[in-house]
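Text of run37.cif, listed as mmCIF, C-alpha atoms:
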```
data_data
loop_
_atom_site.group_PDB
_atom_site.id
_atom_site.type_symbol
_atom_site.label_atom_id
_atom_site.label_comp_id
_atom_site.auth_asym_id
_atom_site.auth_seq_id
_atom_site.Cartn_x
_atom_site.Cartn_y
_atom_site.Cartn_z
ATOM 1 C CA ASP L 8 -19.070 -7.068 19.216
ATOM 2 C CA THR L 9 -19.108 -3.279 19.166
ATOM 3 C CA GLY L 10 -17.607 -2.774 15.751
ATOM 4 C CA VAL L 11 -14.182 -1.739 14.530
ATOM 5 C CA SER L 12 -12.080 -0.302 17.345
ATOM 6 C CA GLN L 13 -9.088 1.996 16.855
ATOM 7 C CA ASN L 14 -6.575 3.171 19.422
ATOM 8 C CA PRO L 15 -5.537 5.747 20.281
ATOM 9 C CA ARG L 16 -8.250 8.157 19.154
ATOM 10 C CA HIS L 17 -5.814 11.058 19.131
ATOM 11 C CA LYS L 18 -2.042 11.196 18.926
ATOM 12 C CA ILE L 19 0.181 14.245 19.053
ATOM 13 C CA THR L 20 3.811 13.624 18.255
ATOM 14 C CA LYS L 21 6.924 15.590 17.493
ATOM 15 C CA ARG L 22 8.351 15.538 13.996
ATOM 16 C CA GLY L 23 10.826 12.704 13.597
ATOM 17 C CA GLN L 24 9.201 10.408 16.151
ATOM 18 C CA ASN L 25 7.710 7.020 15.320
ATOM 19 C CA VAL L 26 4.039 6.306 15.951
ATOM 20 C CA THR L 27 1.981 3.122 15.926
ATOM 21 C CA PHE L 28 -1.779 2.816 15.686
ATOM 22 C CA ARG L 29 -3.855 -0.244 16.486
ATOM 23 C CA CYS L 30 -7.021 -1.526 14.844
ATOM 24 C CA ASP L 31 -9.256 -4.304 16.151
ATOM 25 C CA PRO L 32 -11.662 -5.349 13.381
ATOM 26 C CA ILE L 33 -15.051 -6.976 13.758
ATOM 27 C CA SER L 34 -14.126 -10.454 14.908
ATOM 28 C CA GLU L 35 -15.528 -12.525 12.033
ATOM 29 C CA HIS L 36 -14.180 -10.204 9.335
ATOM 30 C CA ASN L 37 -11.333 -11.590 7.243
ATOM 31 C CA ARG L 38 -10.534 -8.386 5.356
ATOM 32 C CA LEU L 39 -8.898 -5.353 6.908
ATOM 33 C CA TYR L 40 -8.102 -2.023 5.294
ATOM 34 C CA TRP L 41 -6.261 1.137 6.245
ATOM 35 C CA TYR L 42 -7.230 4.509 4.819
ATOM 36 C CA ARG L 43 -6.015 8.045 5.425
ATOM 37 C CA GLN L 44 -8.244 11.116 5.367
ATOM 38 C CA THR L 45 -6.962 14.658 5.227
ATOM 39 C CA LEU L 46 -9.015 17.812 5.667
ATOM 40 C CA GLY L 47 -11.535 18.350 2.897
ATOM 41 C CA GLN L 48 -10.778 15.039 1.212
ATOM 42 C CA GLY L 49 -12.358 11.632 1.175
ATOM 43 C CA PRO L 50 -10.609 8.587 2.615
ATOM 44 C CA GLU L 51 -7.571 7.484 0.624
ATOM 45 C CA PHE L 52 -6.746 3.767 0.446
ATOM 46 C CA LEU L 53 -3.391 2.737 1.924
ATOM 47 C CA THR L 54 -3.227 -1.042 2.342
ATOM 48 C CA TYR L 55 -5.261 -4.236 2.625
ATOM 49 C CA PHE L 56 -5.037 -7.562 4.428
ATOM 50 C CA GLN L 57 -6.895 -10.757 3.784
ATOM 51 C CA ASN L 58 -6.522 -12.701 6.995
ATOM 52 C CA GLU L 59 -2.841 -12.269 7.904
ATOM 53 C CA ALA L 60 -1.622 -11.723 4.337
ATOM 54 C CA GLN L 61 -0.947 -8.159 3.200
ATOM 55 C CA LEU L 62 -2.165 -8.379 -0.377
ATOM 56 C CA GLU L 63 -1.733 -4.749 -1.353
ATOM 57 C CA LYS L 64 0.809 -2.304 -0.003
ATOM 58 C CA SER L 65 1.926 -0.372 -3.042
ATOM 59 C CA ARG L 66 -0.331 2.517 -2.065
ATOM 60 C CA LEU L 67 1.326 3.091 1.271
ATOM 61 C CA LEU L 68 2.521 6.661 1.027
ATOM 62 C CA SER L 69 6.219 6.044 1.514
ATOM 63 C CA ASP L 70 8.616 3.477 2.924
ATOM 64 C CA ARG L 71 8.157 5.164 6.302
ATOM 65 C CA PHE L 72 4.710 3.559 6.455
ATOM 66 C CA SER L 73 4.260 -0.099 7.316
ATOM 67 C CA ALA L 74 1.397 -2.283 8.486
ATOM 68 C CA GLU L 75 1.055 -5.706 10.036
ATOM 69 C CA ARG L 76 -1.736 -8.058 10.885
ATOM 70 C CA PRO L 77 -0.226 -10.908 12.878
ATOM 71 C CA LYS L 78 -2.432 -13.992 13.148
ATOM 72 C CA GLY L 79 -5.106 -12.329 11.064
ATOM 73 C CA SER L 80 -6.659 -10.536 14.012
ATOM 74 C CA PHE L 81 -5.751 -6.974 15.022
ATOM 75 C CA SER L 82 -3.583 -4.777 12.828
ATOM 76 C CA THR L 83 -1.019 -2.066 13.448
ATOM 77 C CA LEU L 84 0.005 0.832 11.235
ATOM 78 C CA GLU L 85 3.402 2.349 11.950
ATOM 79 C CA ILE L 86 4.791 5.607 10.661
ATOM 80 C CA GLN L 87 8.499 6.125 11.171
ATOM 81 C CA ARG L 88 10.220 9.523 11.291
ATOM 82 C CA THR L 89 6.926 11.392 11.177
ATOM 83 C CA GLU L 90 6.625 14.575 9.133
ATOM 84 C CA GLN L 91 4.108 17.399 9.440
ATOM 85 C CA GLY L 92 2.475 16.214 6.216
ATOM 86 C CA ASP L 93 1.557 12.968 7.963
ATOM 87 C CA SER L 94 -0.987 14.843 10.074
ATOM 88 C CA ALA L 95 -4.335 13.277 9.154
ATOM 89 C CA MET L 96 -7.083 10.932 10.279
ATOM 90 C CA TYR L 97 -6.095 7.295 9.891
ATOM 91 C CA LEU L 98 -9.075 5.021 9.387
ATOM 92 C CA CYS L 99 -9.278 1.268 9.683
ATOM 93 C CA ALA L 100 -12.094 -0.756 8.144
ATOM 94 C CA SER L 101 -13.005 -4.416 7.964
ATOM 95 C CA SER L 102 -15.318 -6.592 5.925
ATOM 96 C CA TRP L 103 -16.206 -10.207 5.315
ATOM 97 C CA GLY L 104 -16.092 -12.275 2.178
ATOM 98 C CA ALA L 105 -14.193 -12.838 -1.003
ATOM 99 C CA GLY L 106 -15.626 -10.026 -3.047
ATOM 100 C CA GLN L 107 -16.055 -6.350 -2.362
ATOM 101 C CA THR L 108 -18.694 -5.837 0.260
ATOM 102 C CA GLU L 109 -19.465 -2.885 2.447
ATOM 103 C CA ALA L 110 -16.575 -2.104 4.744
ATOM 104 C CA PHE L 111 -17.242 -1.089 8.343
ATOM 105 C CA PHE L 112 -15.046 1.756 9.510
ATOM 106 C CA GLY L 113 -13.663 2.527 12.925
ATOM 107 C CA GLN L 114 -13.723 6.008 14.424
ATOM 108 C CA GLY L 115 -10.176 6.681 13.316
ATOM 109 C CA THR L 116 -6.965 7.897 14.919
ATOM 110 C CA ARG L 117 -6.274 11.586 14.478
ATOM 111 C CA LEU L 118 -2.535 12.206 14.182
ATOM 112 C CA THR L 119 -1.045 15.648 14.696
ATOM 113 C CA VAL L 120 2.658 16.072 14.009
ATOM 114 C CA VAL L 121 4.131 19.216 15.575
ATOM 115 C CA ASP C 19 -5.992 11.889 -9.939
ATOM 116 C CA GLN C 20 -9.543 12.045 -8.597
ATOM 117 C CA GLN C 21 -11.498 9.168 -10.124
ATOM 118 C CA VAL C 22 -14.612 9.902 -8.078
ATOM 119 C CA LYS C 23 -15.927 13.440 -7.977
ATOM 120 C CA GLN C 24 -18.557 15.078 -5.841
ATOM 121 C CA ASN C 25 -18.839 18.549 -7.252
ATOM 122 C CA SER C 26 -21.160 20.002 -4.640
ATOM 123 C CA PRO C 27 -19.318 20.581 -1.362
ATOM 124 C CA SER C 28 -22.556 21.382 0.447
ATOM 125 C CA LEU C 29 -26.321 21.111 0.152
ATOM 126 C CA SER C 30 -29.102 22.542 2.296
ATOM 127 C CA VAL C 31 -32.600 21.040 2.234
ATOM 128 C CA GLN C 32 -35.734 21.590 4.256
ATOM 129 C CA GLU C 33 -37.013 18.797 6.450
ATOM 130 C CA GLY C 34 -39.496 16.613 4.605
ATOM 131 C CA ARG C 35 -38.190 17.484 1.157
ATOM 132 C CA ILE C 36 -36.005 15.363 -1.119
ATOM 133 C CA SER C 37 -32.208 15.508 -0.873
ATOM 134 C CA ILE C 38 -30.315 14.614 -4.034
ATOM 135 C CA LEU C 39 -26.572 14.076 -3.791
ATOM 136 C CA ASN C 40 -24.601 13.597 -6.971
ATOM 137 C CA CYS C 41 -21.408 11.766 -7.842
ATOM 138 C CA ASP C 42 -19.438 11.318 -11.075
ATOM 139 C CA TYR C 43 -16.695 8.822 -11.802
ATOM 140 C CA THR C 44 -14.138 8.617 -14.566
ATOM 141 C CA ASN C 45 -13.190 4.928 -14.586
ATOM 142 C CA SER C 46 -15.737 2.989 -16.636
ATOM 143 C CA MET C 47 -14.357 -0.284 -15.264
ATOM 144 C CA PHE C 48 -15.709 0.391 -11.772
ATOM 145 C CA ASP C 49 -18.534 -2.045 -11.079
ATOM 146 C CA TYR C 50 -19.423 -1.420 -7.447
ATOM 147 C CA PHE C 51 -20.554 1.816 -5.880
ATOM 148 C CA LEU C 52 -21.330 2.788 -2.318
ATOM 149 C CA TRP C 53 -22.500 5.742 -0.271
ATOM 150 C CA TYR C 54 -21.187 6.398 3.214
ATOM 151 C CA LYS C 55 -22.421 8.882 5.780
ATOM 152 C CA LYS C 56 -20.062 10.541 8.244
ATOM 153 C CA TYR C 57 -20.862 12.472 11.399
ATOM 154 C CA PRO C 58 -18.155 14.644 13.031
ATOM 155 C CA ALA C 59 -15.631 12.700 15.121
ATOM 156 C CA GLU C 60 -16.917 9.365 13.805
ATOM 157 C CA GLY C 61 -15.797 7.034 11.051
ATOM 158 C CA PRO C 62 -17.809 6.706 7.843
ATOM 159 C CA THR C 63 -20.932 4.549 8.137
ATOM 160 C CA PHE C 64 -22.108 2.424 5.232
ATOM 161 C CA LEU C 65 -25.430 3.575 3.840
ATOM 162 C CA ILE C 66 -26.261 1.825 0.565
ATOM 163 C CA SER C 67 -24.516 0.176 -2.374
ATOM 164 C CA ILE C 68 -25.218 -0.718 -5.977
ATOM 165 C CA SER C 69 -23.512 -2.978 -8.481
ATOM 166 C CA SER C 70 -23.150 -2.071 -12.125
ATOM 167 C CA ILE C 71 -25.686 -4.697 -13.190
ATOM 168 C CA LYS C 72 -28.424 -2.604 -11.619
ATOM 169 C CA ASP C 73 -29.555 0.959 -12.181
ATOM 170 C CA LYS C 74 -31.432 1.429 -8.929
ATOM 171 C CA ASN C 75 -31.285 0.191 -5.376
ATOM 172 C CA GLU C 76 -33.631 1.174 -2.562
ATOM 173 C CA ASP C 77 -33.362 0.881 1.190
ATOM 174 C CA GLY C 78 -36.076 2.654 3.097
ATOM 175 C CA ARG C 79 -35.754 6.398 2.592
ATOM 176 C CA PHE C 80 -32.538 5.981 0.596
ATOM 177 C CA THR C 81 -32.350 5.226 -3.118
ATOM 178 C CA VAL C 82 -29.231 5.115 -5.252
ATOM 179 C CA PHE C 83 -29.473 5.529 -9.015
ATOM 180 C CA LEU C 84 -26.689 4.530 -11.391
ATOM 181 C CA ASN C 85 -26.339 5.842 -14.943
ATOM 182 C CA LYS C 86 -23.429 3.909 -16.410
ATOM 183 C CA SER C 87 -23.427 5.663 -19.763
ATOM 184 C CA ALA C 88 -23.042 9.006 -18.019
ATOM 185 C CA LYS C 89 -20.754 7.569 -15.328
ATOM 186 C CA HIS C 90 -22.986 9.190 -12.773
ATOM 187 C CA LEU C 91 -24.724 8.116 -9.624
ATOM 188 C CA SER C 92 -27.021 9.883 -7.255
ATOM 189 C CA LEU C 93 -28.380 9.329 -3.764
ATOM 190 C CA HIS C 94 -31.948 10.350 -3.055
ATOM 191 C CA ILE C 95 -33.164 10.765 0.517
ATOM 192 C CA VAL C 96 -36.935 11.050 0.877
ATOM 193 C CA PRO C 97 -38.157 12.520 3.134
ATOM 194 C CA SER C 98 -35.111 14.281 4.536
ATOM 195 C CA GLN C 99 -34.811 14.467 8.325
ATOM 196 C CA PRO C 100 -32.600 16.684 10.526
ATOM 197 C CA GLY C 101 -30.699 13.556 11.630
ATOM 198 C CA ASP C 102 -29.589 13.102 8.024
ATOM 199 C CA SER C 103 -27.343 16.155 8.386
ATOM 200 C CA ALA C 104 -23.852 14.753 7.810
ATOM 201 C CA VAL C 105 -21.127 14.494 5.197
ATOM 202 C CA TYR C 106 -21.953 11.971 2.468
ATOM 203 C CA PHE C 107 -19.171 10.223 0.593
ATOM 204 C CA CYS C 108 -19.556 8.451 -2.704
ATOM 205 C CA ALA C 109 -17.141 5.555 -3.286
ATOM 206 C CA ALA C 110 -16.407 3.323 -6.269
ATOM 207 C CA GLY C 111 -14.379 0.189 -6.850
ATOM 208 C CA TYR C 112 -14.341 -3.322 -8.247
ATOM 209 C CA TYR C 113 -16.598 -5.981 -6.771
ATOM 210 C CA SER C 114 -13.741 -8.498 -6.944
ATOM 211 C CA GLY C 115 -11.307 -5.943 -5.537
ATOM 212 C CA TYR C 116 -10.596 -4.290 -2.233
ATOM 213 C CA ALA C 117 -9.696 -0.607 -2.559
ATOM 214 C CA LEU C 118 -12.463 1.958 -2.609
ATOM 215 C CA ASN C 119 -11.995 5.313 -4.314
ATOM 216 C CA PHE C 120 -13.806 8.058 -2.447
ATOM 217 C CA GLY C 121 -15.056 11.456 -3.505
ATOM 218 C CA LYS C 122 -14.404 14.522 -1.376
ATOM 219 C CA GLY C 123 -17.847 14.420 0.165
ATOM 220 C CA THR C 124 -20.953 16.586 0.226
ATOM 221 C CA SER C 125 -22.057 18.181 3.487
ATOM 222 C CA LEU C 126 -25.837 17.900 3.792
ATOM 223 C CA LEU C 127 -27.748 20.171 6.148
ATOM 224 C CA VAL C 128 -31.409 19.406 6.728
ATOM 225 C CA THR C 129 -33.162 22.340 8.318
ATOM 226 C CA PRO C 130 -36.407 22.093 10.324
#
```
For this file, write the structure as structure tokens.
Amino acid sequence: DTGVSQNPRHKITKRGQNVTFRCDPISEHNRLYWYRQTLGQGPEFLTYFQNEAQLEKSRLLSDRFSAERPKGSFSTLEIQRTEQGDSAMYLCASSWGAGQTEAFFGQGTRLTVV
Amino acid sequence: DQQVKQNSPSLSVQEGRISILNCDYTNSMFDYFLWYKKYPAEGPTFLISISSIKDKNEDGRFTVFLNKSAKHLSLHIVPSQPGDSAVYFCAAGYYSGYALNFGKGTSLLVTP
């Protein structure tokens, strides 16, 4: 296992288009997280899955953002009707266990909305 | 509302000396703290963590100190090496929780 994998690494899209990012966590990890990082800021928590259940989604930035984790394996993050303010690095992380343990991050997907 | 603050955007240290990175938090209920290191074009990499029941945790060259009364933690790197040059993020949360709150990061440059 090579760690958390995110695809694509870069995405350029026109304003108003929909985009979808994929995250493949470390295989034995039951927890999966999505974060967003903008320039000069630390990662900002968006949503969290335990297995296939999305246990926290209130911090998704708007109703244009949605995430899924079918069958508790890979996850997708979709942004509908993209806006220039959505330009950021989108990070996925995974971890194992019931309590907070160190999360392993992927390399991220850099989104540019033009 | 920034609950985790890293007030030094950058730090430069000579190779072999000690690097001290500082972090303050505002939420006294946080009970789990972590440091991540980030190289350009890579995701953050876990470095070291500490729970609120401890005031110190060591892992090789890296030591994290926690001062709960001051709501302050620090990361000490001894001795500093050029490969330590990266952005360091402090993060805080709840051990029974899931979301981590990150600071803005401190860019460390270790010069030969």
Show me, as a tab-separated table, the residues of chain L having an atom within 10 Å of chain C, each with the closest atom pair and its distance in Å, using only C-alpha atoms.
```
residue	atom	partner	partner_atom	distance
L:Val11	CA	C:Gly61	CA	9.6
L:Arg16	CA	C:Ala59	CA	9.6
L:Arg38	CA	C:Tyr116	CA	8.6
L:Leu39	CA	C:Tyr116	CA	9.4
L:Tyr40	CA	C:Ala117	CA	8.1
L:Trp41	CA	C:Ala117	CA	9.6
L:Tyr42	CA	C:Ala117	CA	9.3
L:Gln44	CA	C:Lys122	CA	9.7
L:Thr45	CA	C:Lys122	CA	9.9
L:Leu46	CA	C:Lys122	CA	9.5
L:Gly47	CA	C:Lys122	CA	6.4
L:Gln48	CA	C:Lys122	CA	4.5
L:Gly49	CA	C:Lys122	CA	4.4
L:Pro50	CA	C:Phe120	CA	6.0
L:Glu51	CA	C:Phe120	CA	7.0
L:Phe52	CA	C:Ala117	CA	6.1
L:Leu53	CA	C:Ala117	CA	8.4
L:Thr54	CA	C:Ala117	CA	8.1
L:Tyr55	CA	C:Tyr116	CA	7.2
L:Phe56	CA	C:Tyr116	CA	9.3
L:Gln57	CA	C:Tyr116	CA	9.6
L:Leu62	CA	C:Tyr116	CA	9.6
L:Glu63	CA	C:Tyr116	CA	8.9
L:Arg66	CA	C:Ala117	CA	9.9
L:Met96	CA	C:Gly61	CA	9.6
L:Tyr97	CA	C:Gly61	CA	9.8
L:Leu98	CA	C:Gly61	CA	7.2
L:Cys99	CA	C:Gly61	CA	8.8
L:Ala100	CA	C:Gly61	CA	9.1
L:Ser102	CA	C:Tyr116	CA	9.7
L:Ala105	CA	C:Ser114	CA	7.4
L:Gly106	CA	C:Ser114	CA	4.6
L:Gln107	CA	C:Tyr113	CA	4.5
L:Thr108	CA	C:Tyr113	CA	7.3
L:Glu109	CA	C:Phe64	CA	6.6
L:Ala110	CA	C:Phe64	CA	7.2
L:Phe111	CA	C:Thr63	CA	6.7
L:Phe112	CA	C:Gly61	CA	5.5
L:Gly113	CA	C:Gly61	CA	5.3
L:Gln114	CA	C:Gly61	CA	4.1
L:Gly115	CA	C:Gly61	CA	6.1
L:Thr116	CA	C:Gly61	CA	9.7
L:Arg117	CA	C:Ala59	CA	9.4
```
### Task
Taking the file as shown, find all residues satisfying the PyMOL selection byres ((chain C and resi 37) around 12) and write them as an MDAnalysis selection string.
chainID C and resid 28:36 38:40 79:82 92:100 102:103 106 124:129
### Query
So which residues are close to (5.2, 4.8, 11.7), meaning at most 6 Å away in the file's coordinates with only C-alpha atoms counted, and can you show them as a list of chain:residue names?
L:Asn25, L:Val26, L:Thr27, L:Phe72, L:Glu85, L:Ile86, L:Gln87
Write the residues of the preceding selection, restricted to C-alpha atoms, as a PDB file, keeping the file's coordinate frame.
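Just written: part.pdb:
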```
ATOM      1  CA  ASN L  25       7.710   7.020  15.320  1.00  0.00           C
ATOM      2  CA  VAL L  26       4.039   6.306  15.951  1.00  0.00           C
ATOM      3  CA  THR L  27       1.981   3.122  15.926  1.00  0.00           C
ATOM      4  CA  PHE L  72       4.710   3.559   6.455  1.00  0.00           C
ATOM      5  CA  GLU L  85       3.402   2.349  11.950  1.00  0.00           C
ATOM      6  CA  ILE L  86       4.791   5.607  10.661  1.00  0.00           C
ATOM      7  CA  GLN L  87       8.499   6.125  11.171  1.00  0.00           C
TER       8      GLN L  87
END
```
### Query
Evaluating the PyMOL selection byres ((chain L and resi 17-21) around 6) on the displayed file yields which residues, as a VMD selection string?
chain L and resid 15 to 16 22 24 116 to 121
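Note that CA of Pro32 (chain L) and CA of Phe81 (chain L) are 6.3 Å apart.
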Edge lengths and centre in Å, axis-aligned, region 85-90 of chain L plus 3 Å each side, as JSON:
```
{"center_x": 6.8, "center_y": 8.5, "center_z": 10.5, "size_x": 12.8, "size_y": 18.2, "size_z": 8.8}
```
#### Entry: Distance of CA of Val105 (chain C) from CA of Ala95 (chain L), expressed in Å to one decimal place
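Going from CA of Ala95 (chain L) over to CA of Val105 (chain C), I get 17.3 Å.
One finds CA of Ser101 (chain L) at 22.8 Å from CA of Ser69 (chain L).
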Could you spell out the hits of the PyMOL selection byres ((chain L and resi 31) around 8) on the shown file, as a CSV table (one decimal) with C-alpha atoms, in the frame of the given file?
```csv
chain,number,residue,atom,x,y,z
L,11,VAL,CA,-14.2,-1.7,14.5
L,12,SER,CA,-12.1,-0.3,17.3
L,13,GLN,CA,-9.1,2.0,16.9
L,29,ARG,CA,-3.9,-0.2,16.5
L,30,CYS,CA,-7.0,-1.5,14.8
L,32,PRO,CA,-11.7,-5.3,13.4
L,33,ILE,CA,-15.1,-7.0,13.8
L,34,SER,CA,-14.1,-10.5,14.9
L,80,SER,CA,-6.7,-10.5,14.0
L,81,PHE,CA,-5.8,-7.0,15.0
L,82,SER,CA,-3.6,-4.8,12.8
```
At the level of N, CA and C atoms, write region 60-82 of chain L to a file as an mmCIF file, in the first residue's frame, please.
```
data_model
loop_
_atom_site.group_PDB
_atom_site.id
_atom_site.type_symbol
_atom_site.label_atom_id
_atom_site.label_comp_id
_atom_site.auth_asym_id
_atom_site.auth_seq_id
_atom_site.Cartn_x
_atom_site.Cartn_y
_atom_site.Cartn_z
ATOM 1 N N ALA L 60 -20.476 5.627 6.264
ATOM 2 C CA ALA L 60 -21.374 6.627 6.838
ATOM 3 C C ALA L 60 -20.712 8.003 6.915
ATOM 4 N N GLN L 61 -21.386 8.998 6.373
ATOM 5 C CA GLN L 61 -20.896 10.379 6.464
ATOM 6 C C GLN L 61 -21.413 10.958 7.771
ATOM 7 N N LEU L 62 -20.531 11.036 8.761
ATOM 8 C CA LEU L 62 -20.956 11.405 10.107
ATOM 9 C C LEU L 62 -20.905 12.901 10.365
ATOM 10 N N GLU L 63 -20.252 13.650 9.495
ATOM 11 C CA GLU L 63 -20.194 15.086 9.678
ATOM 12 C C GLU L 63 -20.129 15.735 8.312
ATOM 13 N N LYS L 64 -21.101 16.554 8.000
ATOM 14 C CA LYS L 64 -21.063 17.274 6.725
ATOM 15 C C LYS L 64 -21.487 18.719 6.861
ATOM 16 N N SER L 65 -21.698 19.155 8.094
ATOM 17 C CA SER L 65 -22.163 20.525 8.284
ATOM 18 C C SER L 65 -21.105 21.557 7.931
ATOM 19 N N ARG L 66 -19.838 21.114 7.835
ATOM 20 C CA ARG L 66 -18.776 22.061 7.529
ATOM 21 C C ARG L 66 -18.422 22.091 6.046
ATOM 22 N N LEU L 67 -19.170 21.355 5.244
ATOM 23 C CA LEU L 67 -19.030 21.555 3.803
ATOM 24 C C LEU L 67 -19.410 23.004 3.510
ATOM 25 N N LEU L 68 -18.713 23.608 2.577
ATOM 26 C CA LEU L 68 -18.745 25.062 2.444
ATOM 27 C C LEU L 68 -20.062 25.615 1.920
ATOM 28 N N SER L 69 -20.757 24.829 1.153
ATOM 29 C CA SER L 69 -22.074 25.241 0.662
ATOM 30 C C SER L 69 -22.767 23.992 0.148
ATOM 31 N N ASP L 70 -24.033 24.172 -0.262
ATOM 32 C CA ASP L 70 -24.764 23.006 -0.784
ATOM 33 C C ASP L 70 -24.277 22.611 -2.177
ATOM 34 N N ARG L 71 -23.319 23.337 -2.722
ATOM 35 C CA ARG L 71 -22.723 22.922 -3.992
ATOM 36 C C ARG L 71 -21.691 21.810 -3.785
ATOM 37 N N PHE L 72 -21.297 21.616 -2.533
ATOM 38 C CA PHE L 72 -20.298 20.601 -2.199
ATOM 39 C C PHE L 72 -21.005 19.351 -1.681
ATOM 40 N N SER L 73 -20.561 18.201 -2.174
ATOM 41 C CA SER L 73 -21.089 16.941 -1.656
ATOM 42 C C SER L 73 -19.992 15.885 -1.717
ATOM 43 N N ALA L 74 -20.106 14.898 -0.850
ATOM 44 C CA ALA L 74 -19.105 13.829 -0.806
ATOM 45 C C ALA L 74 -19.811 12.505 -0.599
ATOM 46 N N GLU L 75 -19.183 11.462 -1.130
ATOM 47 C CA GLU L 75 -19.700 10.107 -0.969
ATOM 48 C C GLU L 75 -18.559 9.161 -0.668
ATOM 49 N N ARG L 76 -18.900 8.074 -0.027
ATOM 50 C CA ARG L 76 -17.938 7.003 0.175
ATOM 51 C C ARG L 76 -18.690 5.671 0.073
ATOM 52 N N PRO L 77 -19.034 5.291 -1.139
ATOM 53 C CA PRO L 77 -19.796 4.053 -1.314
ATOM 54 C C PRO L 77 -18.988 2.839 -0.865
ATOM 55 N N LYS L 78 -19.627 1.945 -0.159
ATOM 56 C CA LYS L 78 -19.001 0.704 0.301
ATOM 57 C C LYS L 78 -17.815 0.930 1.227
ATOM 58 N N GLY L 79 -17.668 2.117 1.744
ATOM 59 C CA GLY L 79 -16.618 2.371 2.711
ATOM 60 C C GLY L 79 -15.212 2.260 2.178
ATOM 61 N N SER L 80 -15.051 2.392 0.857
ATOM 62 C CA SER L 80 -13.705 2.290 0.298
ATOM 63 C C SER L 80 -13.267 3.666 -0.191
ATOM 64 N N PHE L 81 -13.216 3.884 -1.506
ATOM 65 C CA PHE L 81 -12.808 5.186 -2.013
ATOM 66 C C PHE L 81 -13.891 6.223 -1.746
ATOM 67 N N SER L 82 -13.524 7.487 -1.899
ATOM 68 C CA SER L 82 -14.476 8.571 -1.697
ATOM 69 C C SER L 82 -14.379 9.546 -2.864
#
```
